[in-house]
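**Q** Let me begin by handing over the structure; questions about it come next.
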Amino acid sequence: MQKEIKAALLFGLVVWVYQATNPPPPKICGTPGGPPITAPRIKLRDGRYLAYKEHGVSRETAKYKIIYVHGFASMRHNTMSVEKLSPEVVEELGFHLVSFDRPGYGESDPHPKRTPESIALDIEELADHLEFGSRFYVMGFSMGGQVIWGCLKYIPHRLAGATLIAPVVNYWWPGFPANLSTEAYYLQLPQDQWTLRVAHHAPWLTYWWNTQKWFPASAVAARKPEVFSRQDLEVLLSMVTDGRMNMPQTMQQGKFETIHRDMMIGFGKWEFDPMDLENPFPDNEGSVHLWQGDEDKMVPVSLQRYITQRLPWINYHEISGSGHMFPYIPETCEAIIKALLLEKN
């Protein structure tokens, strides 16, 4: 009898380990049983498809061409407040902005081997497909802001300028003093501390941790009010009111290749440290900007201050009284775009 019980327990453990480490496959757009394809897409060299959306003046008349990278649990429709800018401002600036679904999000194919380098090369390939020329601008918000570090590392020769907006910070980047990153890490809610520990130290358990019911998982992924500042909550209310938050297609292909993959990459082991990067514009032919709210509860301002002190060639813009969602304020969005396109070092 004891042998049967032990065998049953062992079998149950094997089943649990398998389920915990093998998430369900994504529902790929355009395949049988998968979501429909509604957006324009390009086919990348490796066979994956990347969905995109165009904004601003026409490509043919644009003075400036920008690729925008969306954040965590977001998609190509989320472009700060670009759609709220007046036609006069858009015409005056003369920019053409392309947003795209990062791999796995919206209607872009998942990329199980995604890395900071691969997403930078996806951006380069998208720019070439759209005939953006030898150089173009990049902007990214939150987790998309973190992607811009990869652009500065792997495709600096293609950039005319770059903007990182409240970019997510990896607490394990070696350039941080241990006491500073540790102090910032413990500013998070305990459940988010554990979520990032799992993503960094045991990435194979990321799916299990974020779907189990025994302990609270990511408060950021659940959009708990505690992770937002007062201003953030006001901005979110306005976004709900005008329909910018109701986008069920964001993770229609599954959560693992979207937000879970983001966690594993964003807080995993990187092949480079952003604080070792060199100025991509030594002759002031372009500029790099980093924007940060001083009341951001998701991305510690102390770490952004340290990064920009280590990299003095970055133009640092700290917004007093702002949290994480400040680029969704139209006036701030306009200021961010103007700084990138019009300001010189």
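In the structure tokens, chains take the letters A, B, ... in the order shown, each chain's residues start at 1, and ligands count up from 1 in the order shown.
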At most 12 Å is the cut-off: for each residue in stretch 153-267 of chain A with any atom that close to an atom of stretch 112-125 of chain A, write down the nearest atom pair and the distance in Å rounded to one decimal, counting only C-alpha atoms, chain first then increasing number, as CSV.
**A**
```
residue,atom,partner,partner_atom,distance
A:Lys153,CA,A:Glu117,CA,8.2
A:Tyr154,CA,A:Glu117,CA,6.4
A:Ile155,CA,A:Ala120,CA,6.9
A:Pro156,CA,A:Ala120,CA,9.9
A:His157,CA,A:Glu124,CA,10.5
A:Arg158,CA,A:Glu124,CA,7.6
A:Leu159,CA,A:Glu124,CA,9.5
A:Phe256,CA,A:Pro112,CA,9.6
A:Glu257,CA,A:Pro112,CA,7.0
A:Thr258,CA,A:Pro112,CA,10.0
A:His260,CA,A:Pro112,CA,11.0
A:Arg261,CA,A:Pro112,CA,8.0
A:Asp262,CA,A:Arg114,CA,9.3
A:Met263,CA,A:Thr115,CA,11.6
A:Met264,CA,A:Thr115,CA,9.7
A:Ile265,CA,A:Thr115,CA,6.5
A:Gly266,CA,A:Pro116,CA,8.4
A:Phe267,CA,A:Pro116,CA,11.2
```
**Q** Near stretch 164-180 of chain A, within 7 Å and counting only C-alpha atoms, which residues show up once chain neighbours fewer than 2 positions away are dropped, as a PDB file with N, CA, C and O atoms, in the first residue's frame?
**A**
```pdb
ATOM      1  N   MET A 139      12.041  55.556 -29.820  1.00  0.00           N
ATOM      2  CA  MET A 139      11.495  55.956 -28.531  1.00  0.00           C
ATOM      3  C   MET A 139      10.859  54.730 -27.901  1.00  0.00           C
ATOM      4  O   MET A 139      10.283  53.891 -28.595  1.00  0.00           O
ATOM      5  N   GLY A 140      10.923  54.624 -26.577  1.00  0.00           N
ATOM      6  CA  GLY A 140      10.277  53.505 -25.906  1.00  0.00           C
ATOM      7  C   GLY A 140       9.848  53.889 -24.510  1.00  0.00           C
ATOM      8  O   GLY A 140      10.515  54.680 -23.830  1.00  0.00           O
ATOM      9  N   PHE A 141       8.724  53.325 -24.085  1.00  0.00           N
ATOM     10  CA  PHE A 141       8.171  53.621 -22.765  1.00  0.00           C
ATOM     11  C   PHE A 141       8.191  52.380 -21.880  1.00  0.00           C
ATOM     12  O   PHE A 141       7.809  51.289 -22.311  1.00  0.00           O
ATOM     13  N   SER A 142       8.633  52.541 -20.632  1.00  0.00           N
ATOM     14  CA  SER A 142       8.589  51.496 -19.619  1.00  0.00           C
ATOM     15  C   SER A 142       9.406  50.275 -20.066  1.00  0.00           C
ATOM     16  O   SER A 142      10.607  50.384 -20.301  1.00  0.00           O
ATOM     17  N   MET A 143       8.783  49.115 -20.235  1.00  0.00           N
ATOM     18  CA  MET A 143       9.529  47.953 -20.727  1.00  0.00           C
ATOM     19  C   MET A 143      10.022  48.209 -22.147  1.00  0.00           C
ATOM     20  O   MET A 143      11.076  47.700 -22.545  1.00  0.00           O
ATOM     21  N   GLY A 144       9.289  49.016 -22.906  1.00  0.00           N
ATOM     22  CA  GLY A 144       9.758  49.418 -24.233  1.00  0.00           C
ATOM     23  C   GLY A 144      10.925  50.378 -24.148  1.00  0.00           C
ATOM     24  O   GLY A 144      11.777  50.424 -25.043  1.00  0.00           O
ATOM     25  N   GLY A 145      10.977  51.159 -23.060  1.00  0.00           N
ATOM     26  CA  GLY A 145      12.126  52.037 -22.846  1.00  0.00           C
ATOM     27  C   GLY A 145      13.385  51.236 -22.599  1.00  0.00           C
ATOM     28  O   GLY A 145      14.470  51.598 -23.059  1.00  0.00           O
ATOM     29  N   GLN A 146      13.228  50.122 -21.874  1.00  0.00           N
ATOM     30  CA  GLN A 146      14.378  49.250 -21.643  1.00  0.00           C
ATOM     31  C   GLN A 146      14.922  48.695 -22.964  1.00  0.00           C
ATOM     32  O   GLN A 146      16.125  48.503 -23.118  1.00  0.00           O
ATOM     33  N   ILE A 148      15.253  50.202 -25.652  1.00  0.00           N
ATOM     34  CA  ILE A 148      16.110  51.196 -26.318  1.00  0.00           C
ATOM     35  C   ILE A 148      17.569  51.025 -25.925  1.00  0.00           C
ATOM     36  O   ILE A 148      18.472  51.344 -26.714  1.00  0.00           O
ATOM     37  N   ALA A 162      17.543  58.978 -29.753  1.00  0.00           N
ATOM     38  CA  ALA A 162      16.851  57.960 -28.958  1.00  0.00           C
ATOM     39  C   ALA A 162      16.281  58.580 -27.694  1.00  0.00           C
ATOM     40  O   ALA A 162      16.909  59.469 -27.090  1.00  0.00           O
ATOM     41  N   THR A 182      19.906  47.421  -4.027  1.00  0.00           N
ATOM     42  CA  THR A 182      19.174  46.691  -2.989  1.00  0.00           C
ATOM     43  C   THR A 182      18.126  47.580  -2.334  1.00  0.00           C
ATOM     44  O   THR A 182      16.975  47.168  -2.128  1.00  0.00           O
ATOM     45  N   GLU A 183      18.511  48.796  -2.004  1.00  0.00           N
ATOM     46  CA  GLU A 183      17.567  49.737  -1.400  1.00  0.00           C
ATOM     47  C   GLU A 183      16.391  50.001  -2.331  1.00  0.00           C
ATOM     48  O   GLU A 183      15.232  50.018  -1.909  1.00  0.00           O
ATOM     49  N   ALA A 184      16.672  50.186  -3.615  1.00  0.00           N
ATOM     50  CA  ALA A 184      15.607  50.447  -4.587  1.00  0.00           C
ATOM     51  C   ALA A 184      14.717  49.218  -4.761  1.00  0.00           C
ATOM     52  O   ALA A 184      13.489  49.331  -4.879  1.00  0.00           O
ATOM     53  N   TYR A 185      15.329  48.045  -4.777  1.00  0.00           N
ATOM     54  CA  TYR A 185      14.582  46.795  -4.948  1.00  0.00           C
ATOM     55  C   TYR A 185      13.540  46.627  -3.843  1.00  0.00           C
ATOM     56  O   TYR A 185      12.395  46.237  -4.096  1.00  0.00           O
ATOM     57  N   GLY A 266      13.582  41.156 -19.126  1.00  0.00           N
ATOM     58  CA  GLY A 266      13.837  42.431 -18.471  1.00  0.00           C
ATOM     59  C   GLY A 266      14.636  42.317 -17.193  1.00  0.00           C
ATOM     60  O   GLY A 266      15.426  43.205 -16.853  1.00  0.00           O
ATOM     61  N   PHE A 267      14.439  41.216 -16.454  1.00  0.00           N
ATOM     62  CA  PHE A 267      15.112  41.052 -15.166  1.00  0.00           C
ATOM     63  C   PHE A 267      16.043  39.836 -15.155  1.00  0.00           C
ATOM     64  O   PHE A 267      16.478  39.398 -14.094  1.00  0.00           O
ATOM     65  N   ASP A 273      25.972  45.571 -19.933  1.00  0.00           N
ATOM     66  CA  ASP A 273      25.498  46.480 -18.894  1.00  0.00           C
ATOM     67  C   ASP A 273      25.302  47.852 -19.548  1.00  0.00           C
ATOM     68  O   ASP A 273      26.253  48.414 -20.100  1.00  0.00           O
ATOM     69  N   MET A 275      25.315  50.648 -18.427  1.00  0.00           N
ATOM     70  CA  MET A 275      26.209  51.666 -17.892  1.00  0.00           C
ATOM     71  C   MET A 275      27.609  51.607 -18.483  1.00  0.00           C
ATOM     72  O   MET A 275      28.461  52.455 -18.195  1.00  0.00           O
ATOM     73  N   HIS A 289      17.874  60.912 -24.799  1.00  0.00           N
ATOM     74  CA  HIS A 289      17.124  61.503 -23.696  1.00  0.00           C
ATOM     75  C   HIS A 289      16.551  60.418 -22.809  1.00  0.00           C
ATOM     76  O   HIS A 289      16.162  59.344 -23.296  1.00  0.00           O
ATOM     77  N   LEU A 290      16.499  60.703 -21.512  1.00  0.00           N
ATOM     78  CA  LEU A 290      15.835  59.808 -20.563  1.00  0.00           C
ATOM     79  C   LEU A 290      14.901  60.638 -19.700  1.00  0.00           C
ATOM     80  O   LEU A 290      15.321  61.616 -19.074  1.00  0.00           O
ATOM     81  N   TRP A 291      13.626  60.246 -19.684  1.00  0.00           N
ATOM     82  CA  TRP A 291      12.592  60.944 -18.931  1.00  0.00           C
ATOM     83  C   TRP A 291      12.136  60.071 -17.772  1.00  0.00           C
ATOM     84  O   TRP A 291      11.930  58.867 -17.942  1.00  0.00           O
ATOM     85  N   GLN A 292      11.953  60.694 -16.607  1.00  0.00           N
ATOM     86  CA  GLN A 292      11.580  59.931 -15.424  1.00  0.00           C
ATOM     87  C   GLN A 292      10.753  60.789 -14.460  1.00  0.00           C
ATOM     88  O   GLN A 292      11.072  61.962 -14.244  1.00  0.00           O
ATOM     89  N   VAL A 299       9.396  52.177 -11.235  1.00  0.00           N
ATOM     90  CA  VAL A 299      10.791  52.317 -11.663  1.00  0.00           C
ATOM     91  C   VAL A 299      11.460  53.358 -10.754  1.00  0.00           C
ATOM     92  O   VAL A 299      11.127  54.533 -10.827  1.00  0.00           O
ATOM     93  N   HIS A 324       4.514  57.049 -13.152  1.00  0.00           N
ATOM     94  CA  HIS A 324       4.979  56.248 -14.289  1.00  0.00           C
ATOM     95  C   HIS A 324       4.254  56.583 -15.582  1.00  0.00           C
ATOM     96  O   HIS A 324       4.810  56.396 -16.666  1.00  0.00           O
TER      97      HIS A 324
END
```
**Q** Can you check which residues of stretch 42-221 of chain A DSSP gives as strand (DSSP E or B) on the backbone and send them as an MDAnalysis selection string?
**A** chainID A and resid 42:43 49:56 64:69 95:100 136:141 159:165
**Q** With a distance cut-off of 10 Å and only C-alpha atoms, select the neighbouring residues of A:Trp194, excluding the residue or stretch itself and same-chain residues fewer than 3 positions from it, and output the selection as a list of chain:residue names.
**A**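 Near A:Trp194, the qualifying residues are A:Gln188, A:Leu189, A:Pro190, A:Gln191, A:Arg197, A:Val198, A:Ala199, A:His200, A:Trp209, A:Phe215, A:Pro216, A:Ala217, A:Ser218.
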**Q** Could you write out that same residue set with C-alpha atoms as an mmCIF file, in the first residue's frame?
**A**
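out_28.cif was written with the following content:
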```
data_model
loop_
_atom_site.group_PDB
_atom_site.id
_atom_site.type_symbol
_atom_site.label_atom_id
_atom_site.label_comp_id
_atom_site.auth_asym_id
_atom_site.auth_seq_id
_atom_site.Cartn_x
_atom_site.Cartn_y
_atom_site.Cartn_z
ATOM 1 C CA GLN A 188 8.676 47.407 -4.313
ATOM 2 C CA LEU A 189 5.752 45.507 -2.863
ATOM 3 C CA PRO A 190 6.869 42.126 -1.448
ATOM 4 C CA GLN A 191 4.892 40.238 -4.102
ATOM 5 C CA ARG A 197 13.426 36.982 -7.904
ATOM 6 C CA VAL A 198 11.772 34.127 -9.741
ATOM 7 C CA ALA A 199 12.251 35.787 -13.152
ATOM 8 C CA HIS A 200 15.959 36.343 -12.460
ATOM 9 C CA TRP A 209 4.673 31.711 -10.226
ATOM 10 C CA PHE A 215 0.836 33.409 -3.071
ATOM 11 C CA PRO A 216 0.148 36.833 -4.597
ATOM 12 C CA ALA A 217 2.041 37.269 -7.886
ATOM 13 C CA SER A 218 2.950 40.487 -9.712
#
```
**Q** Rounded to one decimal place, report the atom CA of A:Ala222-atom CA of A:Val147 distance in Å.
**A**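 Rounded to one decimal, the two atoms are 22.1 Å apart.
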**Q** Return as a PyMOL selection string the full set of residues in stretch 175-317 of chain A whose backbone-based DSSP assignment is helix (DSSP H, G or I).
**A** chain A and resi 178-185+190-201+203-211+225-227+230-241+248-251+256-266+274-276+301-310
**Q** Find, counting only C-alpha atoms, the residue in A:Ala160, A:Ala335, A:Leu50, A:Val69 that gets nearest to A:Ile28.
**A**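 Nearest to A:Ile28: A:Leu50.
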**Q** Residues near A:Met239, anyone? I mean within 12 Å using only C-alpha atoms, not counting same-chain ones fewer than 5 positions away, as a PDB file with N, CA, C and O atoms, in the first residue's frame.
**A**
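New file result.pdb:
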```
ATOM      1  N   ASN A  78      -0.952  51.615 -28.258  1.00  0.00           N
ATOM      2  CA  ASN A  78      -0.568  52.434 -27.106  1.00  0.00           C
ATOM      3  C   ASN A  78       0.686  53.223 -27.442  1.00  0.00           C
ATOM      4  O   ASN A  78       1.805  52.699 -27.381  1.00  0.00           O
ATOM      5  N   MET A  80       1.753  56.480 -26.113  1.00  0.00           N
ATOM      6  CA  MET A  80       1.712  57.652 -25.240  1.00  0.00           C
ATOM      7  C   MET A  80       0.426  58.423 -25.578  1.00  0.00           C
ATOM      8  O   MET A  80      -0.655  57.854 -25.547  1.00  0.00           O
ATOM      9  N   SER A  81       0.566  59.711 -25.926  1.00  0.00           N
ATOM     10  CA  SER A  81      -0.598  60.519 -26.298  1.00  0.00           C
ATOM     11  C   SER A  81      -0.452  61.048 -27.717  1.00  0.00           C
ATOM     12  O   SER A  81      -0.967  62.122 -28.049  1.00  0.00           O
ATOM     13  N   LYS A  84      -3.444  62.078 -29.410  1.00  0.00           N
ATOM     14  CA  LYS A  84      -4.105  63.242 -28.817  1.00  0.00           C
ATOM     15  C   LYS A  84      -3.460  64.562 -29.242  1.00  0.00           C
ATOM     16  O   LYS A  84      -3.980  65.637 -28.932  1.00  0.00           O
ATOM     17  N   ASP A 232      -0.725  59.029 -11.572  1.00  0.00           N
ATOM     18  CA  ASP A 232      -0.951  57.860 -12.421  1.00  0.00           C
ATOM     19  C   ASP A 232      -2.428  57.473 -12.430  1.00  0.00           C
ATOM     20  O   ASP A 232      -2.997  57.179 -13.487  1.00  0.00           O
ATOM     21  N   LEU A 233      -3.044  57.442 -11.259  1.00  0.00           N
ATOM     22  CA  LEU A 233      -4.438  57.026 -11.160  1.00  0.00           C
ATOM     23  C   LEU A 233      -5.352  58.014 -11.904  1.00  0.00           C
ATOM     24  O   LEU A 233      -6.327  57.607 -12.543  1.00  0.00           O
ATOM     25  N   GLU A 234      -5.006  59.290 -11.854  1.00  0.00           N
ATOM     26  CA  GLU A 234      -5.790  60.285 -12.599  1.00  0.00           C
ATOM     27  C   GLU A 234      -5.638  60.067 -14.102  1.00  0.00           C
ATOM     28  O   GLU A 234      -6.618  60.146 -14.859  1.00  0.00           O
ATOM     29  N   ARG A 244      -8.800  54.158 -24.148  1.00  0.00           N
ATOM     30  CA  ARG A 244      -7.434  53.748 -24.459  1.00  0.00           C
ATOM     31  C   ARG A 244      -6.955  52.552 -23.633  1.00  0.00           C
ATOM     32  O   ARG A 244      -5.869  52.040 -23.865  1.00  0.00           O
ATOM     33  N   MET A 245      -7.759  52.095 -22.685  1.00  0.00           N
ATOM     34  CA  MET A 245      -7.363  50.956 -21.843  1.00  0.00           C
ATOM     35  C   MET A 245      -8.056  49.663 -22.251  1.00  0.00           C
ATOM     36  O   MET A 245      -7.666  48.589 -21.813  1.00  0.00           O
ATOM     37  N   ASN A 246      -9.083  49.745 -23.069  1.00  0.00           N
ATOM     38  CA  ASN A 246      -9.874  48.562 -23.409  1.00  0.00           C
ATOM     39  C   ASN A 246      -9.318  47.903 -24.667  1.00  0.00           C
ATOM     40  O   ASN A 246      -9.806  48.123 -25.771  1.00  0.00           O
ATOM     41  N   MET A 247      -8.271  47.113 -24.497  1.00  0.00           N
ATOM     42  CA  MET A 247      -7.614  46.480 -25.640  1.00  0.00           C
ATOM     43  C   MET A 247      -7.380  45.003 -25.356  1.00  0.00           C
ATOM     44  O   MET A 247      -6.266  44.574 -25.043  1.00  0.00           O
ATOM     45  N   MET A 325       3.034  57.086 -15.500  1.00  0.00           N
ATOM     46  CA  MET A 325       2.185  57.234 -16.678  1.00  0.00           C
ATOM     47  C   MET A 325       2.224  58.628 -17.307  1.00  0.00           C
ATOM     48  O   MET A 325       1.387  58.951 -18.152  1.00  0.00           O
ATOM     49  N   PHE A 326       3.195  59.432 -16.961  1.00  0.00           N
ATOM     50  CA  PHE A 326       3.227  60.817 -17.432  1.00  0.00           C
ATOM     51  C   PHE A 326       3.244  60.992 -18.947  1.00  0.00           C
ATOM     52  O   PHE A 326       2.742  61.999 -19.451  1.00  0.00           O
ATOM     53  N   PRO A 327       3.814  60.051 -19.755  1.00  0.00           N
ATOM     54  CA  PRO A 327       3.782  60.300 -21.207  1.00  0.00           C
ATOM     55  C   PRO A 327       2.385  60.253 -21.806  1.00  0.00           C
ATOM     56  O   PRO A 327       2.197  60.647 -22.957  1.00  0.00           O
ATOM     57  N   TYR A 328       1.408  59.782 -21.027  1.00  0.00           N
ATOM     58  CA  TYR A 328       0.032  59.763 -21.514  1.00  0.00           C
ATOM     59  C   TYR A 328      -0.692  61.084 -21.253  1.00  0.00           C
ATOM     60  O   TYR A 328      -1.892  61.205 -21.503  1.00  0.00           O
ATOM     61  N   ILE A 329       0.041  62.065 -20.741  1.00  0.00           N
ATOM     62  CA  ILE A 329      -0.467  63.433 -20.648  1.00  0.00           C
ATOM     63  C   ILE A 329      -0.066  64.136 -21.948  1.00  0.00           C
ATOM     64  O   ILE A 329       1.127  64.228 -22.255  1.00  0.00           O
ATOM     65  N   PRO A 330      -1.007  64.620 -22.745  1.00  0.00           N
ATOM     66  CA  PRO A 330      -0.677  65.157 -24.078  1.00  0.00           C
ATOM     67  C   PRO A 330       0.428  66.202 -24.077  1.00  0.00           C
ATOM     68  O   PRO A 330       1.314  66.175 -24.940  1.00  0.00           O
TER      69      PRO A 330
END
```
**Q** From the set A:Thr31, A:Ser238, A:Thr332, A:Thr163, which residue has the shortest atom-to-atom contact distance to A:Asp109, counting only C-alpha atoms?
**A**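 Result for the nearest residue to A:Asp109: A:Thr31.
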**Q** Report as a ChimeraX atom specification all protein, DNA and RNA residues lying within 8 Å of stretch 315-320 of chain A, evaluated on only C-alpha atoms, omitting residues in the same chain fewer than 2 positions from it.
**A** /A:287-295,308,312-313,322,345
**Q** Near A:Lys53, counting only C-alpha atoms, which residues have an atom at most 7 Å away, once you skip same-chain residues fewer than 5 positions from it, shown as a count of residues only?
**A** 4
**Q** What does the distance between atom CA of A:Gln193 and atom CA of A:Gln249 come to in Å, to one decimal place?
**A**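 Going from atom CA of A:Gln193 over to atom CA of A:Gln249, I get 28.2 Å.
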**Q** Mind checking which residues fall within 10 Å of A:Lys255, counting only C-alpha atoms, ignoring those fewer than 2 positions away in the same chain, and posting them as a PDB file with N, CA and C atoms, in the first residue's frame?
**A**
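Written file, out29.pdb:
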```pdb
ATOM      1  N   PRO A  23       4.293  25.962 -20.101  1.00  0.00           N
ATOM      2  CA  PRO A  23       3.064  26.736 -20.312  1.00  0.00           C
ATOM      3  C   PRO A  23       2.357  26.283 -21.580  1.00  0.00           C
ATOM      4  N   PRO A  24       1.065  26.578 -21.685  1.00  0.00           N
ATOM      5  CA  PRO A  24       0.347  26.218 -22.910  1.00  0.00           C
ATOM      6  C   PRO A  24       0.906  26.968 -24.108  1.00  0.00           C
ATOM      7  N   PRO A  26       1.234  29.260 -27.446  1.00  0.00           N
ATOM      8  CA  PRO A  26       0.505  30.477 -27.836  1.00  0.00           C
ATOM      9  C   PRO A  26      -0.487  30.203 -28.960  1.00  0.00           C
ATOM     10  N   ALA A  73       2.506  44.742 -21.082  1.00  0.00           N
ATOM     11  CA  ALA A  73       1.064  44.512 -21.193  1.00  0.00           C
ATOM     12  C   ALA A  73       0.406  45.585 -22.059  1.00  0.00           C
ATOM     13  N   GLY A 104       4.930  38.411 -29.723  1.00  0.00           N
ATOM     14  CA  GLY A 104       3.956  37.781 -28.843  1.00  0.00           C
ATOM     15  C   GLY A 104       2.767  38.646 -28.527  1.00  0.00           C
ATOM     16  N   TYR A 105       2.943  39.959 -28.584  1.00  0.00           N
ATOM     17  CA  TYR A 105       1.853  40.887 -28.292  1.00  0.00           C
ATOM     18  C   TYR A 105       1.003  41.120 -29.545  1.00  0.00           C
ATOM     19  N   TYR A 207       6.225  31.145 -15.421  1.00  0.00           N
ATOM     20  CA  TYR A 207       4.819  30.856 -15.742  1.00  0.00           C
ATOM     21  C   TYR A 207       4.084  30.341 -14.511  1.00  0.00           C
ATOM     22  N   ASN A 210       3.413  33.048 -11.769  1.00  0.00           N
ATOM     23  CA  ASN A 210       2.417  34.056 -12.142  1.00  0.00           C
ATOM     24  C   ASN A 210       1.028  33.482 -12.400  1.00  0.00           C
ATOM     25  N   THR A 211       0.876  32.157 -12.278  1.00  0.00           N
ATOM     26  CA  THR A 211      -0.456  31.554 -12.455  1.00  0.00           C
ATOM     27  C   THR A 211      -0.915  30.773 -11.223  1.00  0.00           C
ATOM     28  N   THR A 250      -4.449  42.732 -26.747  1.00  0.00           N
ATOM     29  CA  THR A 250      -3.042  42.883 -26.342  1.00  0.00           C
ATOM     30  C   THR A 250      -2.367  41.538 -26.103  1.00  0.00           C
ATOM     31  N   MET A 251      -3.017  40.678 -25.302  1.00  0.00           N
ATOM     32  CA  MET A 251      -2.420  39.379 -24.961  1.00  0.00           C
ATOM     33  C   MET A 251      -3.277  38.231 -25.481  1.00  0.00           C
ATOM     34  N   GLN A 252      -3.879  38.428 -26.658  1.00  0.00           N
ATOM     35  CA  GLN A 252      -4.777  37.421 -27.207  1.00  0.00           C
ATOM     36  C   GLN A 252      -4.056  36.122 -27.595  1.00  0.00           C
ATOM     37  N   GLN A 253      -2.732  36.183 -27.768  1.00  0.00           N
ATOM     38  CA  GLN A 253      -1.982  34.974 -28.112  1.00  0.00           C
ATOM     39  C   GLN A 253      -1.483  34.221 -26.876  1.00  0.00           C
ATOM     40  N   GLU A 257       4.184  34.329 -23.655  1.00  0.00           N
ATOM     41  CA  GLU A 257       5.085  34.957 -24.627  1.00  0.00           C
ATOM     42  C   GLU A 257       4.940  36.472 -24.662  1.00  0.00           C
ATOM     43  N   THR A 258       4.177  37.033 -23.724  1.00  0.00           N
ATOM     44  CA  THR A 258       4.040  38.488 -23.627  1.00  0.00           C
ATOM     45  C   THR A 258       4.618  38.955 -22.297  1.00  0.00           C
ATOM     46  N   ILE A 259       3.774  39.018 -21.259  1.00  0.00           N
ATOM     47  CA  ILE A 259       4.247  39.594 -20.000  1.00  0.00           C
ATOM     48  C   ILE A 259       5.238  38.683 -19.274  1.00  0.00           C
ATOM     49  N   HIS A 260       5.068  37.357 -19.371  1.00  0.00           N
ATOM     50  CA  HIS A 260       6.021  36.473 -18.690  1.00  0.00           C
ATOM     51  C   HIS A 260       7.392  36.528 -19.377  1.00  0.00           C
ATOM     52  N   ARG A 261       7.395  36.543 -20.696  1.00  0.00           N
ATOM     53  CA  ARG A 261       8.661  36.662 -21.427  1.00  0.00           C
ATOM     54  C   ARG A 261       9.320  38.006 -21.121  1.00  0.00           C
ATOM     55  N   ASP A 262       8.524  39.064 -21.009  1.00  0.00           N
ATOM     56  CA  ASP A 262       9.065  40.373 -20.636  1.00  0.00           C
ATOM     57  C   ASP A 262       9.806  40.303 -19.307  1.00  0.00           C
TER      58      ASP A 262
END
```
